[in-house]
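What follows is one structure encoded as structure tokens, with my remarks underneath.
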Amino acid sequence: MDVVYEDNHLIIVNKSCSEIVQGDKTGDKTLADMVKEYIKQKYQKPGNVFLGVVHRLDRPVSGLVVFARTGKALARLNEMFRTGEVHKTYWAIVGQRPPGTEAELEHWLVRNEKQNKSYAYDREKPGAKKAVLAYRLIGASERYFLLEVDLKTGRHHQIRCQLAKIGCPIKGDLKYGSPRSNPDGGICLHARRIRFVHPVSKQEIDVEAPLPDNGIWHCFHSLDGSSPS
């Protein structure tokens, strides 16, 4: 498990694309369970360990996940996420060059619960939620393009859905139109950076997650300031 930040009130982990944040029908071990075990062992805590799930990443997505270690932090972080005080930046690899090198996308998303999928529309529809993100093209290989995405709203499958809407499905994302899956079963969407004011100390927290050390991500490790091991 890759811990990128921790203190008495919160812990931030770099999730792999195979890990699930909270339990689902698969019954697979969760990232939350692994974090609890880590805290229990590191700090030799007796009994149950408190851990609050503040937000989630889709299972095939990698990157930063914030957990609360105290009830006070959980309540305040929940409110900060709700009011947009937590700023999240993602990196996405797509197979088509986007229409512009940078743009703000605004759509109306309708979620289909049965399909576990969202659909994007240019105009408001009944039951739709407004979705806004900004992207810019920051890298390219022979076949793929790397986008940096600033998420302005937090909707179901928002980045996946909106990029697919402009003809740029994320590599490996079969659900939203990518022609092929990735060998690891994940998609090339990475929660790269998260910024917010600490809910208790009021210090600024600004952390980045290293890029995944596999597949097409290797083409972009030079932008990360790191190299594959």
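Ligands are numbered from 1 in the order shown, chains are lettered A, B, ... in the order of the structure tokens, and residues start at 1 in each chain.
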Problem - For segment 201-203 of chain A: contacts at 10 Å, only C-alpha atoms, fewer than 4 positions along chain excluded, given as a PyMOL selection string - result: chain A and resi 9+196-197
Practice task
Kindly indicate which residue among A:Phe50, A:Trp217, A:Tyr119, A:Phe145 lies nearest to Gly71 of chain A, using only C-alpha atoms for the distances.
Solution key: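 Closest to Gly71 of chain A, using only C-alpha atoms: A:Phe50.
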Exercise for the section: Find the spatial neighbours of Glu204 of chain A, counting only C-alpha atoms, within a cut-off of 12 Å - ignore same-chain residues fewer than 6 positions away - and output them as a VMD selection string. Expected result: chain A and resid 85 to 87 194 to 198
Write out, as an mmCIF file, in the first residue's frame, the residues just selected, with C-alpha atoms.
```
data_model
loop_
_atom_site.group_PDB
_atom_site.id
_atom_site.type_symbol
_atom_site.label_atom_id
_atom_site.label_comp_id
_atom_site.auth_asym_id
_atom_site.auth_seq_id
_atom_site.Cartn_x
_atom_site.Cartn_y
_atom_site.Cartn_z
ATOM 1 C CA GLU A 85 -13.321 23.127 -1.285
ATOM 2 C CA VAL A 86 -11.280 20.077 -2.272
ATOM 3 C CA HIS A 87 -9.533 20.526 -5.639
ATOM 4 C CA ILE A 194 -5.416 16.821 -4.475
ATOM 5 C CA ARG A 195 -5.391 20.200 -2.697
ATOM 6 C CA PHE A 196 -7.339 21.403 0.317
ATOM 7 C CA VAL A 197 -7.016 23.162 3.661
ATOM 8 C CA HIS A 198 -6.472 20.651 6.460
#
```
Using only C-alpha atoms, determine which residues lie at most 7 Å from Ile187 of chain A, disregarding the query and same-chain residues fewer than 2 positions distant; provide the list as a PDB file with N, CA and C atoms, in the first residue's frame.
```pdb
ATOM      1  N   PRO A  60     -11.582   0.728 -11.487  1.00  0.00           N
ATOM      2  CA  PRO A  60     -10.523   0.702 -12.504  1.00  0.00           C
ATOM      3  C   PRO A  60      -9.652   1.954 -12.565  1.00  0.00           C
ATOM      4  N   VAL A  61      -9.925   2.936 -11.701  1.00  0.00           N
ATOM      5  CA  VAL A  61      -9.176   4.194 -11.672  1.00  0.00           C
ATOM      6  C   VAL A  61      -8.108   4.113 -10.581  1.00  0.00           C
ATOM      7  N   ILE A 170     -11.339   7.208 -22.635  1.00  0.00           N
ATOM      8  CA  ILE A 170     -10.083   6.896 -21.937  1.00  0.00           C
ATOM      9  C   ILE A 170      -9.610   5.498 -22.332  1.00  0.00           C
ATOM     10  N   LYS A 171      -8.311   5.373 -22.531  1.00  0.00           N
ATOM     11  CA  LYS A 171      -7.734   4.084 -22.930  1.00  0.00           C
ATOM     12  C   LYS A 171      -8.132   2.990 -21.932  1.00  0.00           C
ATOM     13  N   GLY A 172      -8.652   1.894 -22.469  1.00  0.00           N
ATOM     14  CA  GLY A 172      -9.051   0.749 -21.657  1.00  0.00           C
ATOM     15  C   GLY A 172     -10.471   0.792 -21.141  1.00  0.00           C
ATOM     16  N   ASP A 173     -11.179   1.907 -21.358  1.00  0.00           N
ATOM     17  CA  ASP A 173     -12.518   2.080 -20.794  1.00  0.00           C
ATOM     18  C   ASP A 173     -13.582   1.573 -21.773  1.00  0.00           C
ATOM     19  N   ASN A 182      -7.419  -2.792 -21.101  1.00  0.00           N
ATOM     20  CA  ASN A 182      -6.019  -2.832 -20.689  1.00  0.00           C
ATOM     21  C   ASN A 182      -5.708  -4.191 -20.068  1.00  0.00           C
ATOM     22  N   GLY A 185      -6.855  -4.709 -16.551  1.00  0.00           N
ATOM     23  CA  GLY A 185      -8.278  -4.534 -16.287  1.00  0.00           C
ATOM     24  C   GLY A 185      -8.663  -3.138 -15.849  1.00  0.00           C
ATOM     25  N   LEU A 189      -6.935   6.344 -16.190  1.00  0.00           N
ATOM     26  CA  LEU A 189      -7.370   7.552 -15.502  1.00  0.00           C
ATOM     27  C   LEU A 189      -6.759   7.514 -14.108  1.00  0.00           C
TER      28      LEU A 189
END
```
Exercise for the section: Please report, as a PyMOL selection string, each residue of segment 9-113 of chain A to which DSSP assigns strand (DSSP E) when run on this structure's backbone. Expected result: chain A and resi 10-15+52-53+62-68+87-94+102-112
Problem - Contacts of Arg56 of chain A at 7 Å (only C-alpha atoms; same-chain gap of 2+ positions) as a ChimeraX atom specification - result: /A:21,58,65
Neighbour list for Gly100 of chain A as a PDB file with N, CA and C atoms, in the first residue's frame, cut-off 10 Å, only C-alpha atoms, skip fewer than 5 positions in-chain:
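Result file follows (selection_19.pdb):
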```pdb
ATOM      1  N   TYR A 135      -9.936  20.687 -19.308  1.00  0.00           N
ATOM      2  CA  TYR A 135      -8.813  19.816 -19.660  1.00  0.00           C
ATOM      3  C   TYR A 135      -7.773  20.605 -20.440  1.00  0.00           C
ATOM      4  N   ARG A 136      -6.545  20.099 -20.417  1.00  0.00           N
ATOM      5  CA  ARG A 136      -5.514  20.603 -21.315  1.00  0.00           C
ATOM      6  C   ARG A 136      -4.612  19.463 -21.727  1.00  0.00           C
ATOM      7  N   LEU A 137      -4.149  19.523 -22.949  1.00  0.00           N
ATOM      8  CA  LEU A 137      -3.258  18.507 -23.500  1.00  0.00           C
ATOM      9  C   LEU A 137      -1.843  18.779 -23.002  1.00  0.00           C
TER      10      LEU A 137
END
```
Handout entry: For segment 104-117 of chain A: contacts at 7 Å, only C-alpha atoms, fewer than 6 positions along chain excluded, given as a ChimeraX atom specification
Key = /A:123-124,127-135
Put those residues in a file: N, CA and C atoms, as a PDB file, in the first residue's frame.
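Saved to again34.pdb:
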```pdb
ATOM      1  N   ARG A 123     -27.744  19.703 -23.617  1.00  0.00           N
ATOM      2  CA  ARG A 123     -28.784  20.541 -23.016  1.00  0.00           C
ATOM      3  C   ARG A 123     -29.385  19.833 -21.794  1.00  0.00           C
ATOM      4  N   GLU A 124     -29.972  20.628 -20.925  1.00  0.00           N
ATOM      5  CA  GLU A 124     -30.552  20.077 -19.701  1.00  0.00           C
ATOM      6  C   GLU A 124     -31.706  19.142 -20.016  1.00  0.00           C
ATOM      7  N   GLY A 127     -33.947  15.111 -14.705  1.00  0.00           N
ATOM      8  CA  GLY A 127     -33.112  14.221 -13.910  1.00  0.00           C
ATOM      9  C   GLY A 127     -31.617  14.370 -14.138  1.00  0.00           C
ATOM     10  N   ALA A 128     -31.237  15.280 -15.036  1.00  0.00           N
ATOM     11  CA  ALA A 128     -29.816  15.448 -15.357  1.00  0.00           C
ATOM     12  C   ALA A 128     -29.131  16.360 -14.340  1.00  0.00           C
ATOM     13  N   LYS A 129     -27.817  16.143 -14.172  1.00  0.00           N
ATOM     14  CA  LYS A 129     -27.013  16.992 -13.296  1.00  0.00           C
ATOM     15  C   LYS A 129     -25.921  17.668 -14.116  1.00  0.00           C
ATOM     16  N   LYS A 130     -25.710  18.943 -13.845  1.00  0.00           N
ATOM     17  CA  LYS A 130     -24.707  19.699 -14.572  1.00  0.00           C
ATOM     18  C   LYS A 130     -23.314  19.196 -14.227  1.00  0.00           C
ATOM     19  N   ALA A 131     -22.479  18.997 -15.253  1.00  0.00           N
ATOM     20  CA  ALA A 131     -21.119  18.495 -15.065  1.00  0.00           C
ATOM     21  C   ALA A 131     -20.142  19.423 -15.784  1.00  0.00           C
ATOM     22  N   VAL A 132     -19.134  19.868 -15.062  1.00  0.00           N
ATOM     23  CA  VAL A 132     -18.155  20.802 -15.629  1.00  0.00           C
ATOM     24  C   VAL A 132     -16.741  20.321 -15.304  1.00  0.00           C
ATOM     25  N   LEU A 133     -15.890  20.316 -16.314  1.00  0.00           N
ATOM     26  CA  LEU A 133     -14.467  20.048 -16.119  1.00  0.00           C
ATOM     27  C   LEU A 133     -13.673  20.863 -17.124  1.00  0.00           C
ATOM     28  N   ALA A 134     -12.399  21.054 -16.814  1.00  0.00           N
ATOM     29  CA  ALA A 134     -11.479  21.714 -17.752  1.00  0.00           C
ATOM     30  C   ALA A 134     -10.348  20.748 -18.041  1.00  0.00           C
ATOM     31  N   TYR A 135      -9.936  20.687 -19.308  1.00  0.00           N
ATOM     32  CA  TYR A 135      -8.813  19.816 -19.660  1.00  0.00           C
ATOM     33  C   TYR A 135      -7.773  20.605 -20.440  1.00  0.00           C
TER      34      TYR A 135
END
```
Handout entry: Members of segment 95-222 of chain A assigned alpha helix (DSSP H) by DSSP, as an NGL selection string
Key = :A and (158-165 or 221-222)
Exercise for the section: For each of A:Ile205, A:Ala120, A:Ala103, A:Leu174, take the minimum atom-to-atom distance to Gln158 of chain A, counting only C-alpha atoms, then give the residue where this is smallest. Expected result: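 The answer is A:Ala120, which sits nearest to Gln158 of chain A.
If only C-alpha atoms are the atoms counted, then among A:Lys42, A:His218, A:Lys36, A:Lys25 the closest residue to Val13 of chain A is A:Lys36.
When only C-alpha atoms are used to measure the gap to Thr83 of chain A, the shortest distance among A:Ile11, A:Gly186, A:Pro212, A:Gly154 belongs to A:Gly154.
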